Amino acid sequence: MSENPFHSPSVLETTPKPTADSSLDGAVEVLMGTRPWVRFISVLMFLGALLLALSGLGAMLASRGNLGLSYLAIAVNFLISLMYIVPAIFLWVFANRISLFEFERTGASLTFALRPQRWFWTYLGVVAIVALIFYAGVFVFAMVAISRL
């Protein structure tokens, strides 16, 4: 603690550090090397979501005469941008929790840090399944439409 009675206590000074597990040093090193890349991809996903939303707005403004088409374009772009935001948040939380794991170095903090990774991959798996079902439906629809020609 500081000798200054008016000094605001730091979180690191007041929070007791849990007993660090030296066997996790390798995991700390690997995750610390991963953290900047996770943060970078998360930022790119946020920017991609923003650009998709702006392109939907641009499509709406560009097609002044055909409002039905512009509403469809903006709805699709906003839906896709929401689909980008969710995994971006999971990656952002993962990067933050890597920092906590680096500080605590316990098995519990490692589990806590890796949980958003599970959310991220579960989300992407569900999106992939939904996309495959959608593509199969489009394929069947196209085959039926072609066979009726």
# chains A, B, ... in the order shown; residues from 1 in each chain; ligands from 1
$ residues_around --residues "region 36-38 of chain A" --least-positions-apart "6" --cutoff "9 Å" --atoms "only C-alpha atoms" --output "list of chain:residue names"
A:Leu91, A:Trp92, A:Phe94, A:Ala95
$ write_last_selection --atoms "C-alpha atoms" --output "PDB file, in the first residue's frame"
ATOM      1  CA  LEU A  91     -14.039 -12.984 -29.541  1.00  0.00           C
ATOM      2  CA  TRP A  92     -13.803  -9.650 -27.726  1.00  0.00           C
ATOM      3  CA  PHE A  94     -12.326 -14.094 -25.072  1.00  0.00           C
ATOM      4  CA  ALA A  95      -9.496 -11.573 -25.514  1.00  0.00           C
TER       5      ALA A  95
END
$ residues_around --residues "region 100-109 of chain A" --least-positions-apart "4" --cutoff "10 Å" --atoms "only C-alpha atoms" --output "list in words"
Leu12, Pro16, Lys17, Pro18, Thr19, Ala20, Asp21, Ser22, Ser23, Leu24, Asp25, Ala27, Val28, Glu29, Leu31, Met32, Phe94, Ala95, Asn96, Ala113, Leu114 and Arg115 of chain A
$ write_last_selection --atoms "N, CA and C atoms" --output "PDB file, in the first residue's frame"
ATOM      1  N   LEU A  12      -5.243  -3.999  -8.128  1.00  0.00           N
ATOM      2  CA  LEU A  12      -4.192  -4.987  -7.935  1.00  0.00           C
ATOM      3  C   LEU A  12      -3.673  -4.989  -6.502  1.00  0.00           C
ATOM      4  N   PRO A  16      -6.524  -9.878  -3.514  1.00  0.00           N
ATOM      5  CA  PRO A  16      -5.473 -10.883  -3.342  1.00  0.00           C
ATOM      6  C   PRO A  16      -5.353 -11.744  -4.581  1.00  0.00           C
ATOM      7  N   LYS A  17      -4.139 -11.974  -5.028  1.00  0.00           N
ATOM      8  CA  LYS A  17      -3.910 -12.784  -6.222  1.00  0.00           C
ATOM      9  C   LYS A  17      -4.058 -14.254  -5.840  1.00  0.00           C
ATOM     10  N   PRO A  18      -4.880 -15.008  -6.602  1.00  0.00           N
ATOM     11  CA  PRO A  18      -5.007 -16.425  -6.300  1.00  0.00           C
ATOM     12  C   PRO A  18      -3.671 -17.137  -6.487  1.00  0.00           C
ATOM     13  N   THR A  19      -3.567 -18.286  -5.904  1.00  0.00           N
ATOM     14  CA  THR A  19      -2.340 -19.050  -6.021  1.00  0.00           C
ATOM     15  C   THR A  19      -2.138 -19.445  -7.474  1.00  0.00           C
ATOM     16  N   ALA A  20      -1.060 -18.947  -8.067  1.00  0.00           N
ATOM     17  CA  ALA A  20      -0.782 -19.216  -9.475  1.00  0.00           C
ATOM     18  C   ALA A  20      -0.278 -20.640  -9.636  1.00  0.00           C
ATOM     19  N   ASP A  21      -0.699 -21.276 -10.715  1.00  0.00           N
ATOM     20  CA  ASP A  21      -0.296 -22.637 -11.037  1.00  0.00           C
ATOM     21  C   ASP A  21       0.792 -22.561 -12.093  1.00  0.00           C
ATOM     22  N   SER A  22       2.028 -22.933 -11.720  1.00  0.00           N
ATOM     23  CA  SER A  22       3.149 -22.808 -12.660  1.00  0.00           C
ATOM     24  C   SER A  22       3.028 -23.779 -13.828  1.00  0.00           C
ATOM     25  N   SER A  23       2.204 -24.809 -13.701  1.00  0.00           N
ATOM     26  CA  SER A  23       2.039 -25.740 -14.817  1.00  0.00           C
ATOM     27  C   SER A  23       1.240 -25.107 -15.960  1.00  0.00           C
ATOM     28  N   LEU A  24       0.621 -23.965 -15.707  1.00  0.00           N
ATOM     29  CA  LEU A  24      -0.162 -23.282 -16.742  1.00  0.00           C
ATOM     30  C   LEU A  24       0.634 -22.214 -17.483  1.00  0.00           C
ATOM     31  N   ASP A  25       1.928 -22.111 -17.197  1.00  0.00           N
ATOM     32  CA  ASP A  25       2.746 -21.084 -17.850  1.00  0.00           C
ATOM     33  C   ASP A  25       2.748 -21.226 -19.373  1.00  0.00           C
ATOM     34  N   ALA A  27       0.305 -22.474 -21.213  1.00  0.00           N
ATOM     35  CA  ALA A  27      -1.006 -22.020 -21.692  1.00  0.00           C
ATOM     36  C   ALA A  27      -1.077 -20.501 -21.681  1.00  0.00           C
ATOM     37  N   VAL A  28      -0.492 -19.883 -20.656  1.00  0.00           N
ATOM     38  CA  VAL A  28      -0.471 -18.411 -20.585  1.00  0.00           C
ATOM     39  C   VAL A  28       0.276 -17.852 -21.784  1.00  0.00           C
ATOM     40  N   GLU A  29       1.430 -18.443 -22.091  1.00  0.00           N
ATOM     41  CA  GLU A  29       2.241 -17.955 -23.206  1.00  0.00           C
ATOM     42  C   GLU A  29       1.496 -18.095 -24.538  1.00  0.00           C
ATOM     43  N   LEU A  31      -1.817 -18.362 -25.052  1.00  0.00           N
ATOM     44  CA  LEU A  31      -2.985 -17.481 -25.108  1.00  0.00           C
ATOM     45  C   LEU A  31      -2.591 -16.014 -25.223  1.00  0.00           C
ATOM     46  N   MET A  32      -1.478 -15.625 -24.603  1.00  0.00           N
ATOM     47  CA  MET A  32      -1.018 -14.243 -24.745  1.00  0.00           C
ATOM     48  C   MET A  32      -0.614 -13.964 -26.190  1.00  0.00           C
ATOM     49  N   PHE A  94     -13.425 -13.144 -25.189  1.00  0.00           N
ATOM     50  CA  PHE A  94     -12.326 -14.094 -25.072  1.00  0.00           C
ATOM     51  C   PHE A  94     -10.994 -13.374 -24.871  1.00  0.00           C
ATOM     52  N   ALA A  95     -10.746 -12.334 -25.654  1.00  0.00           N
ATOM     53  CA  ALA A  95      -9.496 -11.573 -25.514  1.00  0.00           C
ATOM     54  C   ALA A  95      -9.399 -10.934 -24.125  1.00  0.00           C
ATOM     55  N   ASN A  96     -10.515 -10.410 -23.625  1.00  0.00           N
ATOM     56  CA  ASN A  96     -10.503  -9.822 -22.279  1.00  0.00           C
ATOM     57  C   ASN A  96     -10.216 -10.871 -21.210  1.00  0.00           C
ATOM     58  N   ALA A 113     -11.683 -18.311 -19.217  1.00  0.00           N
ATOM     59  CA  ALA A 113     -11.189 -17.652 -20.429  1.00  0.00           C
ATOM     60  C   ALA A 113     -11.601 -18.407 -21.687  1.00  0.00           C
ATOM     61  N   LEU A 114     -11.643 -19.731 -21.627  1.00  0.00           N
ATOM     62  CA  LEU A 114     -11.941 -20.523 -22.815  1.00  0.00           C
ATOM     63  C   LEU A 114     -13.435 -20.647 -23.104  1.00  0.00           C
ATOM     64  N   ARG A 115     -14.278 -20.345 -22.145  1.00  0.00           N
ATOM     65  CA  ARG A 115     -15.728 -20.481 -22.347  1.00  0.00           C
ATOM     66  C   ARG A 115     -16.246 -19.681 -23.556  1.00  0.00           C
TER      67      ARG A 115
END
$ atom_distance --atom1 "CA of Pro87 (chain A)" --atom2 "CA of Arg35 (chain A)"
15.3 Å
$ select_by_dssp --residues "region 3-136 of chain A" --states "alpha helix (DSSP H)" --output "PyMOL selection string"
chain A and resi 11-14+25-62+67-104+107-136
$ residues_around --residues "region 126-131 of chain A" --least-positions-apart "6" --cutoff "12 Å" --atoms "only C-alpha atoms" --output "VMD selection string"
chain A and resid 80 83 to 84 86 to 87 119 to 120 137 to 138
$ atom_distance --atom1 "CA of Phe90 (chain A)" --atom2 "CA of Met45 (chain A)"
10.9 Å
$ atom_distance --atom1 "CA of Ala62 (chain A)" --atom2 "CA of Leu47 (chain A)"
21.9 Å
$ residues_around --residues "Leu57 (chain A)" --least-positions-apart "5" --cutoff "12 Å" --atoms "only C-alpha atoms" --output "MDAnalysis selection string"
chainID A and resid 50:52 62:64 70:78
